[in-house]
Each structure stands twice: as structure tokens, then as C-alpha cells.
>>> print(open('target12.pdb').read())   # PDB, C-alpha atoms
ATOM      1  CA  MET A 564     168.005 107.686 128.729
ATOM      2  CA  THR A 565     169.769 108.846 131.878
ATOM      3  CA  GLY A 566     169.471 112.056 133.839
ATOM      4  CA  THR A 567     166.390 114.183 134.437
ATOM      5  CA  VAL A 568     165.838 117.699 133.096
ATOM      6  CA  VAL A 569     162.950 120.039 133.816
ATOM      7  CA  VAL A 570     162.638 122.953 131.416
ATOM      8  CA  VAL A 571     160.638 125.910 132.692
ATOM      9  CA  GLY A 572     159.941 128.279 129.853
ATOM     10  CA  SER A 573     158.106 129.553 126.834
ATOM     11  CA  ALA A 574     156.280 127.937 123.955
ATOM     12  CA  ASN A 575     155.302 129.766 120.776
ATOM     13  CA  ALA A 576     153.815 129.139 117.396
ATOM     14  CA  ASP A 577     156.492 130.336 114.950
ATOM     15  CA  LEU A 578     155.303 132.207 111.859
ATOM     16  CA  VAL A 579     158.288 132.050 109.511
ATOM     17  CA  VAL A 580     158.872 133.731 106.165
ATOM     18  CA  ASP A 581     161.990 133.672 104.000
ATOM     19  CA  VAL A 582     163.177 137.134 102.945
ATOM     20  CA  PRO A 583     165.820 138.248 100.417
ATOM     21  CA  ARG A 584     167.313 140.448 103.157
ATOM     22  CA  PRO A 585     166.175 141.985 106.455
ATOM     23  CA  PRO A 586     163.839 144.931 105.842
ATOM     24  CA  ARG A 587     165.038 148.442 106.698
ATOM     25  CA  ALA A 588     163.037 150.758 108.952
ATOM     26  CA  GLY A 589     159.834 151.822 107.220
ATOM     27  CA  GLU A 590     160.385 149.427 104.302
ATOM     28  CA  THR A 591     158.091 146.730 102.921
ATOM     29  CA  ILE A 592     159.644 143.777 101.127
ATOM     30  CA  LEU A 593     158.182 140.658  99.560
ATOM     31  CA  GLY A 594     158.997 137.364 101.210
ATOM     32  CA  GLY A 595     158.399 133.735 100.415
ATOM     33  CA  ARG A 596     155.826 131.243 101.609
ATOM     34  CA  LEU A 597     154.584 131.611 105.195
ATOM     35  CA  ARG A 598     155.300 128.584 107.388
ATOM     36  CA  ARG A 599     153.894 127.832 110.830
ATOM     37  CA  SER A 600     155.809 125.551 113.171
ATOM     38  CA  PRO A 601     156.161 124.821 116.903
ATOM     39  CA  GLY A 602     158.737 126.957 118.701
ATOM     40  CA  GLY A 603     159.502 129.027 121.783
ATOM     41  CA  LYS A 604     162.801 128.926 123.629
ATOM     42  CA  GLY A 605     161.549 126.715 126.447
ATOM     43  CA  ALA A 606     159.773 124.199 124.237
ATOM     44  CA  ASN A 607     162.690 124.110 121.795
ATOM     45  CA  GLN A 608     165.148 123.469 124.608
ATOM     46  CA  ALA A 609     162.966 120.702 126.013
ATOM     47  CA  VAL A 610     162.993 118.978 122.619
ATOM     48  CA  GLY A 611     166.769 119.398 122.475
ATOM     49  CA  ALA A 612     167.220 117.846 125.912
ATOM     50  CA  ALA A 613     164.932 114.886 125.179
ATOM     51  CA  LEU A 614     165.744 114.166 121.538
ATOM     52  CA  ALA A 615     169.332 115.240 120.942
ATOM     53  CA  GLY A 616     170.478 115.029 124.558
ATOM     54  CA  GLY A 617     168.737 111.791 125.499
ATOM     55  CA  ALA A 618     167.539 112.893 128.950
ATOM     56  CA  HIS A 619     164.190 112.336 130.658
ATOM     57  CA  THR A 620     162.612 115.744 130.137
ATOM     58  CA  THR A 621     159.560 117.608 131.445
ATOM     59  CA  PHE A 622     158.385 120.909 130.018
ATOM     60  CA  ILE A 623     156.622 123.353 132.340
ATOM     61  CA  GLY A 624     154.941 126.196 130.480
ATOM     62  CA  ALA A 625     151.597 127.677 129.487
ATOM     63  CA  LEU A 626     149.558 127.494 126.289
ATOM     64  CA  GLY A 627     146.247 128.872 125.132
ATOM     65  CA  GLU A 628     143.196 126.824 124.269
ATOM     66  CA  ASP A 629     143.780 127.096 120.546
ATOM     67  CA  GLU A 630     145.088 125.252 117.502
ATOM     68  CA  ALA A 631     148.590 126.601 118.048
ATOM     69  CA  ALA A 632     148.700 124.900 121.443
ATOM     70  CA  ASP A 633     147.728 121.589 119.873
ATOM     71  CA  LEU A 634     150.557 121.972 117.350
ATOM     72  CA  ILE A 635     153.113 122.516 120.121
ATOM     73  CA  LEU A 636     151.855 119.697 122.344
ATOM     74  CA  LEU A 637     151.974 117.278 119.416
ATOM     75  CA  SER A 638     155.580 118.205 118.703
ATOM     76  CA  LEU A 639     156.674 117.957 122.335
ATOM     77  CA  GLY A 640     154.923 114.642 122.905
ATOM     78  CA  GLY A 641     156.317 113.231 119.681
ATOM     79  CA  THR A 642     159.876 113.794 120.858
ATOM     80  CA  GLY A 643     159.350 112.238 124.273
ATOM     81  CA  VAL A 644     158.907 115.386 126.354
ATOM     82  CA  ARG A 645     156.463 115.088 129.273
ATOM     83  CA  THR A 646     153.750 117.737 128.977
ATOM     84  CA  ASP A 647     151.400 116.831 131.830
ATOM     85  CA  LEU A 648     152.357 120.029 133.681
ATOM     86  CA  VAL A 649     151.709 122.406 130.794
ATOM     87  CA  ALA A 650     148.973 124.844 131.853
ATOM     88  CA  ARG A 651     146.160 125.927 129.530
ATOM     89  CA  THR A 652     144.874 129.500 129.722
ATOM     90  CA  LYS A 653     142.295 131.709 128.062
ATOM     91  CA  THR A 654     145.143 133.855 126.732
ATOM     92  CA  PRO A 655     146.237 132.872 123.195
ATOM     93  CA  THR A 656     149.381 130.804 122.774
ATOM     94  CA  GLY A 657     152.519 132.874 122.310
ATOM     95  CA  THR A 658     153.515 133.756 118.762
ATOM     96  CA  ALA A 659     156.933 134.442 117.238
ATOM     97  CA  PHE A 660     157.297 136.297 113.953
ATOM     98  CA  VAL A 661     160.467 135.109 112.226
ATOM     99  CA  THR A 662     162.231 136.267 109.069
ATOM    100  CA  VAL A 663     164.998 134.110 107.602
ATOM    101  CA  SER A 664     167.586 135.516 105.188
ATOM    102  CA  PRO A 665     169.312 133.493 102.433
ATOM    103  CA  ASP A 666     172.378 133.047 104.664
ATOM    104  CA  GLY A 667     170.175 131.408 107.303
ATOM    105  CA  GLU A 668     170.272 134.300 109.758
ATOM    106  CA  ASN A 669     167.001 135.225 111.416
ATOM    107  CA  ALA A 670     165.249 138.108 113.112
ATOM    108  CA  ILE A 671     162.495 137.365 115.633
ATOM    109  CA  VAL A 672     159.756 139.317 117.401
ATOM    110  CA  VAL A 673     157.762 137.508 120.110
ATOM    111  CA  ALA A 674     154.230 138.233 121.318
ATOM    112  CA  PRO A 675     154.339 136.386 124.697
ATOM    113  CA  GLY A 676     150.638 135.564 125.060
ATOM    114  CA  ALA A 677     150.132 132.615 127.404
ATOM    115  CA  ASN A 678     153.819 132.609 128.343
ATOM    116  CA  GLU A 679     153.058 135.433 130.759
ATOM    117  CA  HIS A 680     150.910 132.958 132.719
ATOM    118  CA  VAL A 681     153.511 130.271 133.501
ATOM    119  CA  ARG A 682     153.269 129.379 137.189
ATOM    120  CA  ILE A 683     155.052 127.076 139.650
ATOM    121  CA  GLY A 684     152.453 125.326 141.817
ATOM    122  CA  GLU A 685     152.785 122.276 144.076
ATOM    123  CA  ALA A 686     152.877 119.726 141.253
ATOM    124  CA  GLU A 687     155.416 121.744 139.280
ATOM    125  CA  ALA A 688     157.593 122.281 142.357
ATOM    126  CA  ALA A 689     157.567 118.551 143.098
ATOM    127  CA  ARG A 690     158.706 117.705 139.559
ATOM    128  CA  ILE A 691     161.433 120.339 139.745
ATOM    129  CA  ALA A 692     162.605 118.944 143.085
ATOM    130  CA  ALA A 693     163.156 115.552 141.427
ATOM    131  CA  ALA A 694     165.271 116.949 138.560
ATOM    132  CA  ASP A 695     169.036 116.802 138.154
ATOM    133  CA  VAL A 696     169.030 120.007 136.090
ATOM    134  CA  VAL A 697     166.495 122.833 135.872
ATOM    135  CA  LEU A 698     166.756 124.900 132.686
ATOM    136  CA  ALA A 699     165.061 128.283 132.247
ATOM    137  CA  GLN A 700     165.111 131.254 129.866
ATOM    138  CA  LEU A 701     163.799 134.836 129.930
ATOM    139  CA  GLU A 702     160.715 134.642 127.705
ATOM    140  CA  ILE A 703     158.777 134.021 130.941
ATOM    141  CA  PRO A 704     158.358 136.246 134.028
ATOM    142  CA  LEU A 705     161.389 136.507 136.324
ATOM    143  CA  ASP A 706     159.238 135.469 139.284
ATOM    144  CA  VAL A 707     158.792 132.074 137.622
ATOM    145  CA  VAL A 708     162.571 131.684 137.346
ATOM    146  CA  ARG A 709     162.839 132.566 141.044
ATOM    147  CA  ALA A 710     160.172 130.016 141.952
ATOM    148  CA  ALA A 711     161.867 127.299 139.900
ATOM    149  CA  ALA A 712     165.183 128.050 141.585
ATOM    150  CA  ALA A 713     163.587 127.842 145.028
ATOM    151  CA  ALA A 714     161.888 124.518 144.232
ATOM    152  CA  ARG A 715     164.964 122.644 143.049
ATOM    153  CA  ASN A 716     166.813 120.061 145.101
ATOM    154  CA  PRO A 717     169.985 121.491 146.725
ATOM    155  CA  GLY A 718     172.073 119.080 144.663
ATOM    156  CA  ALA A 719     170.489 120.067 141.350
ATOM    157  CA  LEU A 720     171.853 122.618 138.889
ATOM    158  CA  LEU A 721     169.992 125.707 137.728
ATOM    159  CA  VAL A 722     170.972 126.651 134.187
ATOM    160  CA  LEU A 723     169.736 129.972 132.842
ATOM    161  CA  ASN A 724     169.822 130.890 129.180
ATOM    162  CA  ALA A 725     169.632 134.674 129.631
ATOM    163  CA  ALA A 726     167.697 135.332 126.432
ATOM    164  CA  PRO A 727     166.092 137.599 125.478
ATOM    165  CA  SER A 728     168.571 139.844 127.252
ATOM    166  CA  ARG A 729     167.372 141.759 130.308
ATOM    167  CA  VAL A 730     168.768 143.079 133.578
ATOM    168  CA  LEU A 731     168.984 140.346 136.218
ATOM    169  CA  PRO A 732     168.364 141.235 139.881
ATOM    170  CA  ASP A 733     170.862 140.153 142.527
ATOM    171  CA  ASP A 734     168.704 137.330 143.898
ATOM    172  CA  VAL A 735     168.466 135.700 140.468
ATOM    173  CA  TRP A 736     172.231 135.953 139.971
ATOM    174  CA  ALA A 737     172.728 134.320 143.378
ATOM    175  CA  ALA A 738     170.533 131.343 142.427
ATOM    176  CA  LEU A 739     172.369 130.450 139.204
ATOM    177  CA  ASP A 740     174.818 127.603 138.733
ATOM    178  CA  VAL A 741     175.429 127.971 134.995
ATOM    179  CA  LEU A 742     174.745 130.989 132.776
ATOM    180  CA  VAL A 743     174.436 130.491 129.002
ATOM    181  CA  VAL A 744     174.619 133.593 126.806
ATOM    182  CA  ASN A 745     175.684 134.618 123.341
ATOM    183  CA  GLU A 746     178.215 137.412 122.811
ATOM    184  CA  HIS A 747     175.569 140.157 122.684
ATOM    185  CA  GLU A 748     173.838 138.918 125.838
ATOM    186  CA  ALA A 749     177.193 138.622 127.619
ATOM    187  CA  ALA A 750     177.939 142.257 126.772
ATOM    188  CA  ASP A 751     174.526 143.325 128.062
ATOM    189  CA  LEU A 752     175.081 141.526 131.373
ATOM    190  CA  GLY A 753     178.586 142.681 132.117
ATOM    191  CA  GLY A 754     180.997 141.947 129.308
ATOM    192  CA  SER A 755     183.586 139.210 129.374
ATOM    193  CA  ALA A 756     183.231 135.722 130.768
ATOM    194  CA  GLU A 757     185.787 136.738 133.398
ATOM    195  CA  GLU A 758     183.516 139.532 134.593
ATOM    196  CA  LEU A 759     180.447 137.289 134.584
ATOM    197  CA  LEU A 760     182.269 134.706 136.726
ATOM    198  CA  LYS A 761     182.246 137.252 139.542
ATOM    199  CA  ARG A 762     178.486 136.717 139.718
ATOM    200  CA  VAL A 763     177.929 133.084 138.692
ATOM    201  CA  PRO A 764     180.050 129.910 139.155
ATOM    202  CA  ALA A 765     180.104 128.929 135.466
ATOM    203  CA  VAL A 766     179.483 130.675 132.157
ATOM    204  CA  VAL A 767     179.067 129.340 128.630
ATOM    205  CA  VAL A 768     179.324 131.953 125.880
ATOM    206  CA  THR A 769     178.036 130.662 122.548
ATOM    207  CA  LEU A 770     179.855 131.928 119.467
ATOM    208  CA  GLY A 771     177.634 130.756 116.616
ATOM    209  CA  GLY A 772     179.593 128.817 114.033
ATOM    210  CA  ASP A 773     182.783 129.380 116.026
ATOM    211  CA  GLY A 774     181.681 127.108 118.879
ATOM    212  CA  CYS A 775     181.627 128.329 122.468
ATOM    213  CA  LEU A 776     183.722 129.408 125.431
ATOM    214  CA  VAL A 777     183.354 127.542 128.724
ATOM    215  CA  ALA A 778     184.497 129.368 131.846
ATOM    216  CA  GLU A 779     184.341 128.020 135.404
ATOM    217  CA  ARG A 780     185.658 129.485 138.635
ATOM    218  CA  GLY A 781     189.036 128.032 139.561
ATOM    219  CA  ARG A 782     189.659 126.530 136.097
ATOM    220  CA  GLU A 783     191.243 127.674 132.881
ATOM    221  CA  PRO A 784     188.686 128.676 130.227
ATOM    222  CA  VAL A 785     188.038 126.075 127.522
ATOM    223  CA  ARG A 786     187.407 127.119 123.922
ATOM    224  CA  VAL A 787     185.234 124.560 122.122
ATOM    225  CA  PRO A 788     185.629 124.888 118.343
ATOM    226  CA  GLY A 789     182.649 124.981 116.011
ATOM    227  CA  ILE A 790     181.898 122.497 113.248
ATOM    228  CA  ARG A 791     181.708 123.825 109.709
ATOM    229  CA  VAL A 792     178.373 123.064 108.087
ATOM    230  CA  THR A 793     176.143 124.546 105.408
ATOM    231  CA  THR A 794     173.723 126.865 107.177
ATOM    232  CA  VAL A 795     170.066 126.692 106.155
ATOM    233  CA  ASP A 796     168.294 128.253 109.138
ATOM    234  CA  THR A 797     169.739 129.315 112.496
ATOM    235  CA  THR A 798     166.319 129.464 114.211
ATOM    236  CA  GLY A 799     166.415 127.340 117.354
ATOM    237  CA  ALA A 800     170.061 126.292 117.060
ATOM    238  CA  GLY A 801     170.952 128.047 120.306
ATOM    239  CA  ASP A 802     167.999 126.373 121.984
ATOM    240  CA  THR A 803     169.182 122.977 120.785
ATOM    241  CA  PHE A 804     172.579 123.813 122.273
ATOM    242  CA  CYS A 805     171.032 124.691 125.646
ATOM    243  CA  GLY A 806     168.878 121.572 125.771
ATOM    244  CA  VAL A 807     171.778 119.247 124.993
ATOM    245  CA  LEU A 808     174.016 121.071 127.455
ATOM    246  CA  ALA A 809     171.434 120.584 130.216
ATOM    247  CA  ALA A 810     171.000 116.913 129.307
ATOM    248  CA  GLY A 811     174.747 116.345 129.394
ATOM    249  CA  LEU A 812     174.986 117.919 132.837
ATOM    250  CA  ALA A 813     172.056 115.817 134.044
ATOM    251  CA  GLN A 814     173.921 112.727 132.866
ATOM    252  CA  GLY A 815     176.953 113.713 134.939
ATOM    253  CA  ARG A 816     179.185 115.060 132.174
ATOM    254  CA  PRO A 817     181.633 117.855 133.029
ATOM    255  CA  LEU A 818     180.516 121.241 131.702
ATOM    256  CA  ALA A 819     183.109 121.386 128.913
ATOM    257  CA  ALA A 820     182.235 117.863 127.733
ATOM    258  CA  ALA A 821     178.526 118.688 127.718
ATOM    259  CA  ALA A 822     179.281 121.864 125.764
ATOM    260  CA  ARG A 823     181.188 119.911 123.119
ATOM    261  CA  LEU A 824     178.175 117.706 122.404
ATOM    262  CA  ALA A 825     175.919 120.768 122.509
ATOM    263  CA  CYS A 826     178.053 122.407 119.804
ATOM    264  CA  VAL A 827     177.671 119.326 117.620
ATOM    265  CA  ALA A 828     173.900 119.316 118.075
ATOM    266  CA  GLY A 829     173.676 123.045 117.353
ATOM    267  CA  ALA A 830     175.704 122.615 114.187
ATOM    268  CA  LEU A 831     173.368 119.894 112.945
ATOM    269  CA  ALA A 832     170.326 122.032 113.775
ATOM    270  CA  VAL A 833     171.360 124.895 111.480
ATOM    271  CA  THR A 834     171.481 122.544 108.480
ATOM    272  CA  ARG A 835     167.684 122.160 108.598
ATOM    273  CA  PRO A 836     164.767 124.596 108.522
ATOM    274  CA  GLY A 837     162.634 125.279 111.570
ATOM    275  CA  ALA A 838     163.231 125.081 115.307
ATOM    276  CA  GLN A 839     161.943 121.863 116.880
ATOM    277  CA  ALA A 840     161.807 120.166 113.484
ATOM    278  CA  ALA A 841     165.538 120.819 113.077
ATOM    279  CA  VAL A 842     166.644 119.190 116.347
ATOM    280  CA  PRO A 843     168.807 116.137 115.582
ATOM    281  CA  THR A 844     168.586 112.813 117.360
ATOM    282  CA  ALA A 845     171.077 111.668 119.989
ATOM    283  CA  GLU A 846     172.328 109.092 117.476
ATOM    284  CA  GLU A 847     173.006 111.790 114.871
ATOM    285  CA  VAL A 848     174.857 113.874 117.438
ATOM    286  CA  ALA A 849     176.958 110.886 118.533
ATOM    287  CA  ALA A 850     177.813 109.985 114.952
ATOM    288  CA  LEU A 851     178.978 113.493 114.042
ATOM    289  CA  ALA A 852     180.832 113.830 117.334
ATOM    290  CA  ALA A 853     182.696 110.593 116.617
ATOM    291  CA  GLY A 854     183.543 111.763 113.096
ATOM    292  CA  GLU A 855     184.817 115.077 114.415
ATOM    293  CA  LYS A 856     186.598 113.372 117.353
ATOM    294  CA  VAL A 857     184.737 115.618 119.803
TER     295      VAL A 857
END
>>> encode(input="target12.pdb", output="C-alpha cells")
Amino acid sequence: MTGTVVVVGSANADLVVDVPRPPRAGETILGGRLRRSPGGKGANQAVGAALAGGAHTTFIGALGEDEAADLILLSLGGTGVRTDLVARTKTPTGTAFVTVSPDGENAIVVAPGANEHVRIGEAEAARIAAADVVLAQLEIPLDVVRAAAAARNPGALLVLNAAPSRVLPDDVWAALDVLVVNEHEAADLGGSAEELLKRVPAVVVTLGGDGCLVAERGREPVRVPGIRVTTVDTTGAGDTFCGVLAAGLAQGRPLAAAARLACVAGALAVTRPGAQAAVPTAEEVAALAAGEKV
């Protein structure tokens, strides 16, 4: 492993049920077997950085004192993520309610729980200061993102996956080095990558199965094509992408090169059910990348 990533973010227990189609408003439908698995954008991205991206990775988050927390810690530890700075609170671990349609598309509702209690103290700030890349999302309070940005080394990159979508204040925009959004989130924040570049030095817009667009100030945009695979479950694929992107940047790869590997990892992730359980290994990513000449 090379490069160091600190992920500051959320961790949830995912409650997943397969459905024949998304329910309409006011409708009850019958689904399949209920599955519980470790998830949460922050925890998923940490697994992606450590397992598929091959970077030294720490996860900073908050969990309850419950069985769900044990499930998440076991998954993180099993993939090589450092969890010594995960806080435990009296508030229950966050929970995500996920429906998955036959085409692999999902709909998710999150009850934040302990994620509202993520904090950056002295120990967390010291770990962040030693990182090459700090990766955050928006399932945690904005003040935590601010604190993580303030704690990082001046030479480190702050990557924000602006999901779930919300309005970002000016001081958060000013702290960002790389913004990662999907098309819907990009529209919510200002529209095109060209418009977003007025506020942040670099933008990656993920396009699902069509790959991603990489835009950096002073450079021509790069369109990274997607890889055609059979989709089983899209849950966590974007998180895998973000984790591998951060790992690639921590290893010194240019943004477009890191995004190419992230697209490969995301494509592999959708071929498997679950979030963290679907994250491929760095060897699997390298093998597919070589086959696709990425």
C-alpha cells in the first residue's frame, strides 16, 4: 500500500429488500427477503479506499453501542480500515432502508442516528493532518466537514462527495480541492461542470454506467467511458468510486487517471449485491483495467 486516506463520514446498518418495482405514493408492495449489511457512505468509501484502492485508510465516524455497530466495525477491520478513532455514542447506529429493483437500481432513506455525533477532536485532527487525502460526504454535519478541512495539512487534498445533495455555504466551497457529484447533485449545486469550476478547482461528475466526466481548471475536460457489465445492485457503487478515486490521488495519480481506476472499481461493484460486500479488491480492479486497457 502507498498513500494515506482519512475518510470522515457516516456508517449505517443497511436494511435491504428486493422489490419488483419501486412503490408508488401510498402503495404497499410485497418484497423479498430482508437483508442486513454494513453500509453508510463514509464507511463504504473507506472500504473502497483500503480494499479496491490499496491505500492506508482511517475511518473517522460515530456508532452506537449496539449490534449494528459491531457488524460495521467487523467489516471495516476485515478490509484493513483503521477504526481506532470511531466514536461510540448512546445514540443508535445509523440505519439505511434500501429497496433494490430487478434492474439493480435502488432507493434509499437514511435515519442518521449516531452519524449526527461525529466529532473532530485532537486525536482525529492529528490523524487528518498526516493524511495525503481527506474524503468526506454529507451524511454528517457540515461543521464536521469544516473541522476536517481545517485540520488537514496544507499539502493535502480535501475531496467532498456532495451526497446527499444540500446547499453548501461559501466557506465549505472555499475549502474544497475536488468535488465529486452525480448528474442530479451537480444540477442541485449549480449545473454544469463548467459552472462548478467557478467555485472549486476540480470536479468529477459520475455518470453511472456511462463513466464520468473529469474537469479541472486550466485543462480540457476528460470523459472517462464506462465499462459494460451486468448490473445486480447499484448500492454503494458510487461510494466505491469515491474511495478508489481518493486512494489514487493519495498515491500521486493525476485526477483523470485516478478516475479511470475508480470507474473500473465501480463497475465491478454493481455486479454484486450489497455495499461493502460488493467492493472489489485492488487485484480485481487492476485485472479488469488491464483487460479494458484503462
>>> residues_around(input="target12.pdb", residues="Leu760 of chain A", least_positions_apart="2", cutoff="12 Å", atoms="only C-alpha atoms", output="count of residues only")
29
>>> resolve_selection(input="target12.pdb", expression="the PyMOL selection byres ((chain A and resi 791) around 12)", output="list of chain:residue names")
A:Gly771, A:Gly772, A:Asp773, A:Gly774, A:Pro788, A:Gly789, A:Ile790, A:Val792, A:Thr793, A:Thr794, A:Cys826, A:Val827, A:Gly829, A:Ala830, A:Leu831, A:Val833, A:Thr834, A:Leu851, A:Glu855
>>> resolve_selection(input="target12.pdb", expression="the PyMOL selection byres ((chain A and resi 677) around 10)", output="PDB file with C-alpha atoms, in the coordinates of the input")
ATOM      1  CA  SER A 573     158.106 129.553 126.834  1.00  0.00           C
ATOM      2  CA  ALA A 574     156.280 127.937 123.955  1.00  0.00           C
ATOM      3  CA  ASN A 575     155.302 129.766 120.776  1.00  0.00           C
ATOM      4  CA  GLY A 624     154.941 126.196 130.480  1.00  0.00           C
ATOM      5  CA  ALA A 625     151.597 127.677 129.487  1.00  0.00           C
ATOM      6  CA  LEU A 626     149.558 127.494 126.289  1.00  0.00           C
ATOM      7  CA  GLY A 627     146.247 128.872 125.132  1.00  0.00           C
ATOM      8  CA  GLU A 628     143.196 126.824 124.269  1.00  0.00           C
ATOM      9  CA  ALA A 632     148.700 124.900 121.443  1.00  0.00           C
ATOM     10  CA  ALA A 650     148.973 124.844 131.853  1.00  0.00           C
ATOM     11  CA  ARG A 651     146.160 125.927 129.530  1.00  0.00           C
ATOM     12  CA  THR A 652     144.874 129.500 129.722  1.00  0.00           C
ATOM     13  CA  LYS A 653     142.295 131.709 128.062  1.00  0.00           C
ATOM     14  CA  THR A 654     145.143 133.855 126.732  1.00  0.00           C
ATOM     15  CA  PRO A 655     146.237 132.872 123.195  1.00  0.00           C
ATOM     16  CA  THR A 656     149.381 130.804 122.774  1.00  0.00           C
ATOM     17  CA  GLY A 657     152.519 132.874 122.310  1.00  0.00           C
ATOM     18  CA  THR A 658     153.515 133.756 118.762  1.00  0.00           C
ATOM     19  CA  ALA A 674     154.230 138.233 121.318  1.00  0.00           C
ATOM     20  CA  PRO A 675     154.339 136.386 124.697  1.00  0.00           C
ATOM     21  CA  GLY A 676     150.638 135.564 125.060  1.00  0.00           C
ATOM     22  CA  ASN A 678     153.819 132.609 128.343  1.00  0.00           C
ATOM     23  CA  GLU A 679     153.058 135.433 130.759  1.00  0.00           C
ATOM     24  CA  HIS A 680     150.910 132.958 132.719  1.00  0.00           C
ATOM     25  CA  VAL A 681     153.511 130.271 133.501  1.00  0.00           C
ATOM     26  CA  ILE A 703     158.777 134.021 130.941  1.00  0.00           C
TER      27      ILE A 703
END
>>> resolve_selection(input="target12.pdb", expression="the PyMOL selection byres ((chain A and resi 634) around 12)", output="PyMOL selection string")
chain A and resi 574-577+599-602+606+626-633+635-641+656+839
>>> atom_distance(input="target12.pdb", atom1="atom CA of His619 of chain A", atom2="atom CA of Val568 of chain A")
6.1 Å
>>> closest_residue(input="target12.pdb", among="A:Pro585, A:Gly572, A:Pro817, A:Pro665", to="Leu701 of chain A", atoms="all atoms listed in the file")
A:Gly572
>>> closest_residue(input="target12.pdb", among="A:Asn724, A:Thr646, A:Ser664, A:Asn669", to="Ala809 of chain A", atoms="all atoms listed in the file")
A:Asn724
>>> closest_residue(input="target12.pdb", among="A:Ala670, A:Val644, A:Val663, A:Ala689", to="Pro583 of chain A", atoms="all atoms listed in the file")
A:Val663
>>> decode(input="target12.pdb", residues="segment 679-695 of chain A", atoms="N, CA, C and O atoms", output="compact mmCIF listing (two decimals), in the first residue's frame")
# COMPACT_ATOMS: atom_id res chain seq x y z
N GLU A 679 -24.95 11.82 13.54
CA GLU A 679 -25.08 13.22 13.92
C GLU A 679 -24.10 13.60 15.02
O GLU A 679 -23.99 14.77 15.39
N HIS A 680 -23.36 12.60 15.55
CA HIS A 680 -22.45 12.84 16.67
C HIS A 680 -20.98 12.67 16.28
O HIS A 680 -20.13 12.54 17.16
N VAL A 681 -20.68 12.67 14.98
CA VAL A 681 -19.28 12.63 14.55
C VAL A 681 -18.61 13.93 14.98
O VAL A 681 -19.17 15.02 14.83
N ARG A 682 -17.41 13.82 15.54
CA ARG A 682 -16.68 14.99 16.01
C ARG A 682 -15.20 14.89 15.62
O ARG A 682 -14.66 13.79 15.50
N ILE A 683 -14.56 16.05 15.47
CA ILE A 683 -13.13 16.11 15.21
C ILE A 683 -12.44 16.67 16.45
O ILE A 683 -12.48 17.88 16.71
N GLY A 684 -11.85 15.78 17.25
CA GLY A 684 -11.09 16.19 18.42
C GLY A 684 -9.61 16.21 18.11
O GLY A 684 -9.19 16.14 16.95
N GLU A 685 -8.77 16.26 19.15
CA GLU A 685 -7.32 16.36 18.94
C GLU A 685 -6.76 15.15 18.22
O GLU A 685 -5.93 15.28 17.31
N ALA A 686 -7.17 13.95 18.63
CA ALA A 686 -6.64 12.73 18.01
C ALA A 686 -7.06 12.64 16.55
O ALA A 686 -6.26 12.27 15.68
N GLU A 687 -8.32 12.99 16.28
CA GLU A 687 -8.81 12.94 14.91
C GLU A 687 -8.10 13.98 14.04
O GLU A 687 -7.71 13.69 12.89
N ALA A 688 -7.91 15.18 14.59
CA ALA A 688 -7.22 16.23 13.84
C ALA A 688 -5.78 15.84 13.52
O ALA A 688 -5.28 16.12 12.42
N ALA A 689 -5.12 15.17 14.46
CA ALA A 689 -3.74 14.74 14.22
C ALA A 689 -3.67 13.70 13.11
O ALA A 689 -2.77 13.74 12.26
N ARG A 690 -4.62 12.78 13.08
CA ARG A 690 -4.64 11.76 12.01
C ARG A 690 -4.93 12.41 10.67
O ARG A 690 -4.34 12.05 9.64
N ILE A 691 -5.84 13.35 10.66
CA ILE A 691 -6.16 14.07 9.42
C ILE A 691 -4.95 14.83 8.92
O ILE A 691 -4.66 14.85 7.72
N ALA A 692 -4.21 15.45 9.83
CA ALA A 692 -3.04 16.23 9.45
C ALA A 692 -1.96 15.38 8.79
O ALA A 692 -1.11 15.90 8.05
N ALA A 693 -1.97 14.08 9.06
CA ALA A 693 -0.96 13.18 8.49
C ALA A 693 -1.42 12.55 7.17
O ALA A 693 -0.66 11.77 6.57
N ALA A 694 -2.61 12.87 6.71
CA ALA A 694 -3.17 12.23 5.51
C ALA A 694 -2.76 12.95 4.23
O ALA A 694 -2.56 14.17 4.22
N ASP A 695 -2.68 12.20 3.16
CA ASP A 695 -2.48 12.79 1.83
C ASP A 695 -3.80 13.30 1.26
O ASP A 695 -3.84 14.30 0.55
